[in-house]
$ cat query-v3.csv   # CSV, C-alpha atoms
chain,number,residue,atom,x,y,z
O,1,MET,CA,15.1,8.7,-13.6
O,2,ARG,CA,18.7,7.9,-14.4
O,3,GLU,CA,20.0,4.9,-16.4
O,4,MET,CA,22.3,2.6,-14.4
O,5,ASP,CA,25.0,0.1,-15.3
O,6,VAL,CA,25.3,-3.0,-13.2
O,7,LEU,CA,29.0,-2.9,-12.1
O,8,GLY,CA,28.8,-6.3,-10.3
O,9,VAL,CA,28.2,-8.2,-7.2
O,10,ARG,CA,30.6,-8.0,-4.2
O,11,VAL,CA,30.8,-9.6,-0.8
O,12,SER,CA,31.6,-7.2,2.0
O,13,ILE,CA,34.2,-8.2,4.5
O,14,PRO,CA,34.0,-9.0,7.4
O,15,GLU,CA,30.1,-9.1,7.4
O,16,ASN,CA,29.9,-11.4,4.5
O,17,GLU,CA,27.0,-9.4,3.0
O,18,VAL,CA,26.3,-9.5,-0.7
O,19,VAL,CA,26.1,-6.2,-2.4
O,20,VAL,CA,25.1,-5.3,-6.0
O,21,VAL,CA,26.7,-2.1,-7.1
O,22,LEU,CA,25.0,0.1,-9.8
O,23,ALA,CA,26.6,3.1,-11.4
O,24,VAL,CA,24.9,6.1,-13.1
O,25,ARG,CA,25.6,5.6,-16.8
O,26,ASP,CA,25.9,9.2,-17.8
O,27,GLY,CA,26.5,11.0,-14.5
O,28,GLY,CA,30.1,11.0,-13.4
O,29,ARG,CA,31.0,8.5,-10.8
O,30,VAL,CA,27.8,8.0,-8.7
O,31,VAL,CA,27.4,4.5,-7.5
O,32,LEU,CA,24.4,2.9,-5.7
O,33,PRO,CA,25.2,-0.1,-3.4
O,34,ILE,CA,22.3,-2.3,-2.5
O,35,VAL,CA,22.6,-5.2,0.0
O,36,ILE,CA,20.9,-8.3,-1.5
O,37,GLY,CA,20.6,-12.0,-0.7
O,38,PRO,CA,23.3,-14.5,-1.8
O,39,ARG,CA,21.0,-16.4,-4.2
O,40,GLU,CA,20.0,-13.2,-6.0
O,41,GLY,CA,23.7,-12.2,-6.0
O,42,ALA,CA,24.6,-15.5,-7.7
O,43,SER,CA,21.8,-15.0,-10.2
O,44,ILE,CA,23.1,-11.5,-11.1
O,45,ALA,CA,26.7,-12.7,-11.4
O,46,THR,CA,25.7,-15.7,-13.5
O,47,ALA,CA,23.8,-13.5,-16.0
O,48,GLN,CA,26.7,-10.9,-16.1
O,49,ALA,CA,29.1,-13.7,-16.9
O,50,GLY,CA,26.9,-15.0,-19.7
O,51,ILE,CA,26.5,-18.4,-18.1
O,52,VAL,CA,23.4,-20.2,-19.2
O,53,PRO,CA,22.3,-23.0,-16.8
O,54,GLU,CA,21.5,-26.4,-18.1
O,55,ARG,CA,18.0,-26.1,-16.7
O,56,PRO,CA,16.3,-22.7,-16.2
O,57,GLN,CA,16.6,-21.1,-12.8
O,58,THR,CA,13.8,-18.9,-11.4
O,59,HIS,CA,14.8,-15.7,-13.2
O,60,ASP,CA,15.3,-17.5,-16.5
O,61,LEU,CA,11.9,-19.2,-16.0
O,62,PHE,CA,10.3,-15.8,-15.4
O,63,ILE,CA,11.7,-14.4,-18.7
O,64,SER,CA,10.6,-17.6,-20.5
O,65,LEU,CA,7.0,-17.1,-19.2
O,66,LEU,CA,6.9,-13.5,-20.3
O,67,ASP,CA,8.1,-14.6,-23.8
O,68,ALA,CA,5.5,-17.3,-23.9
O,69,THR,CA,2.8,-14.8,-23.3
O,70,GLY,CA,4.1,-12.3,-25.8
O,71,VAL,CA,5.1,-9.7,-23.1
O,72,ARG,CA,8.5,-8.2,-22.8
O,73,LEU,CA,10.3,-6.7,-19.8
O,74,ASP,CA,11.0,-3.2,-21.1
O,75,GLN,CA,12.8,-1.8,-18.1
O,76,VAL,CA,13.2,-2.1,-14.4
O,77,ARG,CA,13.2,0.9,-12.0
O,78,VAL,CA,14.6,1.3,-8.5
O,79,THR,CA,11.8,3.5,-7.3
O,80,SER,CA,12.3,4.3,-3.6
O,81,LEU,CA,14.2,3.8,-0.4
O,82,GLU,CA,11.8,3.5,2.6
O,83,GLN,CA,13.1,2.8,6.1
O,84,GLY,CA,16.3,1.2,4.8
O,85,THR,CA,14.5,-1.0,2.2
O,86,PHE,CA,15.0,-0.4,-1.5
O,87,HIS,CA,11.9,-0.9,-3.7
O,88,ALA,CA,11.8,-1.5,-7.5
O,89,GLU,CA,9.3,-2.2,-10.2
O,90,LEU,CA,9.2,-4.1,-13.5
O,91,VAL,CA,7.8,-2.2,-16.5
O,92,LEU,CA,6.2,-4.6,-18.9
O,93,SER,CA,5.5,-4.0,-22.6
O,94,SER,CA,1.8,-4.4,-21.8
O,95,GLY,CA,2.0,-1.1,-19.8
O,96,GLN,CA,1.7,-2.9,-16.4
O,97,HIS,CA,4.1,-2.2,-13.5
O,98,VAL,CA,4.9,-5.0,-11.1
O,99,ASP,CA,6.3,-4.5,-7.6
O,100,SER,CA,9.7,-6.2,-7.2
O,101,ARG,CA,12.8,-6.4,-5.0
O,102,PRO,CA,15.7,-4.6,-6.7
O,103,SER,CA,17.8,-7.8,-6.7
O,104,ASP,CA,15.2,-9.7,-8.6
O,105,ALA,CA,14.5,-6.8,-11.0
O,106,ILE,CA,18.3,-6.5,-11.8
O,107,ALA,CA,18.6,-10.2,-12.3
O,108,LEU,CA,15.7,-10.1,-14.7
O,109,ALA,CA,16.9,-7.0,-16.5
O,110,LEU,CA,20.3,-8.6,-17.3
O,111,ARG,CA,18.5,-11.6,-18.8
O,112,ALA,CA,16.0,-9.5,-20.8
O,113,ARG,CA,18.8,-7.0,-21.8
O,114,CYS,CA,16.7,-4.1,-20.7
O,115,PRO,CA,17.6,-0.8,-19.0
O,116,VAL,CA,17.9,-0.4,-15.2
O,117,LEU,CA,16.7,3.0,-14.1
O,118,CYS,CA,16.9,4.7,-10.7
O,119,GLU,CA,14.9,7.6,-9.2
O,120,GLU,CA,16.9,10.7,-8.5
O,121,SER,CA,15.6,10.7,-4.9
O,122,VAL,CA,17.1,7.2,-4.3
O,123,LEU,CA,20.5,8.3,-5.7
O,124,THR,CA,20.4,11.4,-3.5
O,125,ALA,CA,19.6,9.4,-0.4
O,126,ALA,CA,21.9,6.4,-0.9
O,127,GLY,CA,24.2,7.1,-3.8
O,128,VAL,CA,27.9,7.5,-3.3
O,129,VAL,CA,29.8,10.0,-5.4
O,130,MET,CA,33.2,8.8,-6.4
O,131,ASP,CA,35.4,11.8,-7.1
O,132,ALA,CA,38.6,10.8,-8.9
O,133,GLU,CA,40.7,12.8,-6.5
O,134,ASP,CA,39.0,11.3,-3.4
O,135,GLU,CA,38.5,7.8,-4.7
O,136,ALA,CA,40.4,6.2,-1.8
O,137,GLU,CA,38.4,8.1,0.7
O,138,VAL,CA,35.1,7.2,-1.0
O,139,VAL,CA,36.1,3.5,-1.0
O,140,SER,CA,36.9,3.8,2.7
O,141,ASP,CA,33.5,5.5,3.4
O,142,PHE,CA,31.8,2.8,1.4
O,143,GLN,CA,33.5,0.1,3.5
O,144,GLU,CA,32.5,2.0,6.6
O,145,PHE,CA,28.9,2.2,5.4
O,146,LEU,CA,28.9,-1.6,4.9
O,147,LYS,CA,30.3,-2.1,8.4
O,148,ASN,CA,27.4,-0.2,9.9
O,149,VAL,CA,24.6,-1.7,7.9
O,150,GLU,CA,22.6,-4.4,9.7
O,151,PRO,CA,20.5,-7.0,7.8
O,152,GLU,CA,17.5,-5.8,9.8
O,153,ASP,CA,17.9,-2.4,8.1
O,154,PHE,CA,16.8,-4.0,4.9
O,155,GLU,CA,13.9,-6.1,6.1
O,156,PRO,CA,10.4,-5.1,5.1
$ encode --input "query-v3.csv" --output "structure tokens"
Amino acid sequence: MREMDVLGVRVSIPENEVVVVLAVRDGGRVVLPIVIGPREGASIATAQAGIVPERPQTHDLFISLLDATGVRLDQVRVTSLEQGTFHAELVLSSGQHVDSRPSDAIALALRARCPVLCEESVLTAAGVVMDAEDEAEVVSDFQEFLKNVEPEDFEP
């Protein structure tokens, strides 16, 4: 498992797909783009910006429920990529692991201030290596990747 930083949420042009971009914390310039829903993207961006809504949204409520039961979210893990669909899990302080979509897991991790980890196999399959000398080419490849991704590729 590799620890990841959440670089942010982007909207790909012209498809208008929402993508969260993770980067390997200690491993050069490897990034992992994951297509997500617009609501989850907004939730991630809101948490990154430090915006606290007047009333709790779904991810805020989930963290409040965990707090009320004395359970913490210790980490989230992007565990696999199966037929174009990323899978994740929540690791709770009680030792339980809960299946999750990566977008929800990342939104929760930002609120709980816990690490986001990723399996090496997922990084090997879907990670993009950003070489400083080839950064323009990598960005172009990433944009081409986004052009060829269909929403159906990420449906369960």
$ closest_residue --input "query-v3.csv" --among "O:Val78, O:Ala42, O:Val31, O:Cys118" --to "Val18 in chain O" --atoms "all atoms listed in the file"
O:Ala42
$ closest_residue --input "query-v3.csv" --among "O:Gln96, O:Gln57, O:Thr85, O:Thr124" --to "Glu40 in chain O" --atoms "all atoms listed in the file"
O:Gln57
$ residues_around --input "query-v3.csv" --residues "Val71 in chain O" --least-positions-apart "4" --cutoff "6 Å" --atoms "only C-alpha atoms" --output "mmCIF file with C-alpha atoms, in the frame of the given file"
data_model
loop_
_atom_site.group_PDB
_atom_site.id
_atom_site.type_symbol
_atom_site.label_atom_id
_atom_site.label_comp_id
_atom_site.auth_asym_id
_atom_site.auth_seq_id
_atom_site.Cartn_x
_atom_site.Cartn_y
_atom_site.Cartn_z
ATOM 1 C CA LEU O 66 6.900 -13.500 -20.300
ATOM 2 C CA ASP O 67 8.100 -14.600 -23.800
ATOM 3 C CA SER O 93 5.500 -4.000 -22.600
#
$ closest_residue --input "query-v3.csv" --among "O:Asp104, O:Asp74, O:Asp5, O:Asp99" --to "Thr58 in chain O" --atoms "only C-alpha atoms"
O:Asp104
$ residues_around --input "query-v3.csv" --residues "range 101-103 of chain O" --least-positions-apart "5" --cutoff "12 Å" --atoms "all atoms listed in the file" --output "ChimeraX atom specification"
/O:6,8-9,18-22,32-45,59,76-81,85-90,108-110,116-118,154-156
$ closest_residue --input "query-v3.csv" --among "O:Val11, O:Ala112, O:Leu92, O:Val30" --to "Ser64 in chain O" --atoms "only C-alpha atoms"
O:Ala112
$ atom_distance --input "query-v3.csv" --atom1 "CA of Gln48 in chain O" --atom2 "CA of Ile106 in chain O"
10.4 Å
$ closest_residue --input "query-v3.csv" --among "O:Cys114, O:Met130, O:Val91, O:Ala125" --to "Glu3 in chain O" --atoms "all atoms listed in the file"
O:Cys114
$ closest_residue --input "query-v3.csv" --among "O:Gly95, O:Gly28, O:Pro56, O:Pro14" --to "Gln75 in chain O" --atoms "only C-alpha atoms"
O:Gly95
$ atom_distance --input "query-v3.csv" --atom1 "CA of Glu120 in chain O" --atom2 "CA of Met1 in chain O"
5.8 Å
$ atom_distance --input "query-v3.csv" --atom1 "CA of Leu65 in chain O" --atom2 "CA of Leu7 in chain O"
27.1 Å
$ build_atoms --input "query-v3.csv" --residues "range 54-73 of chain O" --atoms "N, CA, C and O atoms" --output "short mmCIF file (atom, residue, chain, number, x, y, z; two decimals), in the coordinates of the input"
data_model
loop_
_atom_site.label_atom_id
_atom_site.label_comp_id
_atom_site.auth_asym_id
_atom_site.auth_seq_id
_atom_site.Cartn_x
_atom_site.Cartn_y
_atom_site.Cartn_z
N GLU O 54 22.06 -25.29 -17.37
CA GLU O 54 21.50 -26.40 -18.10
C GLU O 54 19.99 -26.44 -18.07
O GLU O 54 19.32 -26.72 -19.06
N ARG O 55 19.46 -26.16 -16.89
CA ARG O 55 18.00 -26.10 -16.70
C ARG O 55 17.70 -24.66 -16.22
O ARG O 55 18.51 -24.05 -15.51
N PRO O 56 16.55 -24.10 -16.58
CA PRO O 56 16.30 -22.70 -16.20
C PRO O 56 16.13 -22.54 -14.69
O PRO O 56 15.50 -23.34 -14.01
N GLN O 57 16.77 -21.49 -14.20
CA GLN O 57 16.60 -21.10 -12.80
C GLN O 57 15.40 -20.14 -12.75
O GLN O 57 14.79 -19.82 -13.77
N THR O 58 15.05 -19.68 -11.57
CA THR O 58 13.80 -18.90 -11.40
C THR O 58 13.77 -17.66 -12.28
O THR O 58 12.74 -17.42 -12.93
N HIS O 59 14.85 -16.89 -12.35
CA HIS O 59 14.80 -15.70 -13.20
C HIS O 59 14.75 -16.01 -14.66
O HIS O 59 14.09 -15.31 -15.44
N ASP O 60 15.40 -17.09 -15.07
CA ASP O 60 15.30 -17.50 -16.50
C ASP O 60 13.87 -17.97 -16.78
O ASP O 60 13.35 -17.66 -17.86
N LEU O 61 13.26 -18.69 -15.86
CA LEU O 61 11.90 -19.20 -16.00
C LEU O 61 10.93 -17.99 -16.18
O LEU O 61 10.04 -17.99 -17.04
N PHE O 62 11.12 -16.96 -15.37
CA PHE O 62 10.30 -15.80 -15.40
C PHE O 62 10.33 -15.14 -16.82
O PHE O 62 9.30 -14.79 -17.41
N ILE O 63 11.52 -14.98 -17.36
CA ILE O 63 11.70 -14.40 -18.70
C ILE O 63 11.04 -15.30 -19.75
O ILE O 63 10.37 -14.82 -20.67
N SER O 64 11.20 -16.62 -19.61
CA SER O 64 10.60 -17.60 -20.50
C SER O 64 9.05 -17.45 -20.49
O SER O 64 8.37 -17.52 -21.53
N LEU O 65 8.50 -17.28 -19.29
CA LEU O 65 7.00 -17.10 -19.20
C LEU O 65 6.57 -15.85 -19.84
O LEU O 65 5.54 -15.85 -20.53
N LEU O 66 7.30 -14.77 -19.65
CA LEU O 66 6.90 -13.50 -20.30
C LEU O 66 6.97 -13.72 -21.85
O LEU O 66 6.03 -13.32 -22.55
N ASP O 67 8.03 -14.34 -22.35
CA ASP O 67 8.10 -14.60 -23.80
C ASP O 67 6.97 -15.43 -24.30
O ASP O 67 6.42 -15.14 -25.36
N ALA O 68 6.59 -16.44 -23.53
CA ALA O 68 5.50 -17.30 -23.90
C ALA O 68 4.16 -16.60 -24.02
O ALA O 68 3.28 -16.99 -24.80
N THR O 69 4.01 -15.53 -23.24
CA THR O 69 2.80 -14.80 -23.30
C THR O 69 2.82 -13.56 -24.20
O THR O 69 1.85 -12.81 -24.31
N GLY O 70 3.98 -13.37 -24.85
CA GLY O 70 4.10 -12.30 -25.80
C GLY O 70 4.37 -10.92 -25.09
O GLY O 70 4.20 -9.86 -25.70
N VAL O 71 4.79 -10.95 -23.83
CA VAL O 71 5.10 -9.70 -23.10
C VAL O 71 6.58 -9.62 -22.89
O VAL O 71 7.25 -10.62 -22.65
N ARG O 72 7.09 -8.41 -23.02
CA ARG O 72 8.50 -8.20 -22.80
C ARG O 72 8.71 -7.39 -21.50
O ARG O 72 7.83 -6.62 -21.08
N LEU O 73 9.87 -7.56 -20.91
CA LEU O 73 10.30 -6.70 -19.80
C LEU O 73 11.01 -5.53 -20.46
O LEU O 73 12.09 -5.70 -21.03
#
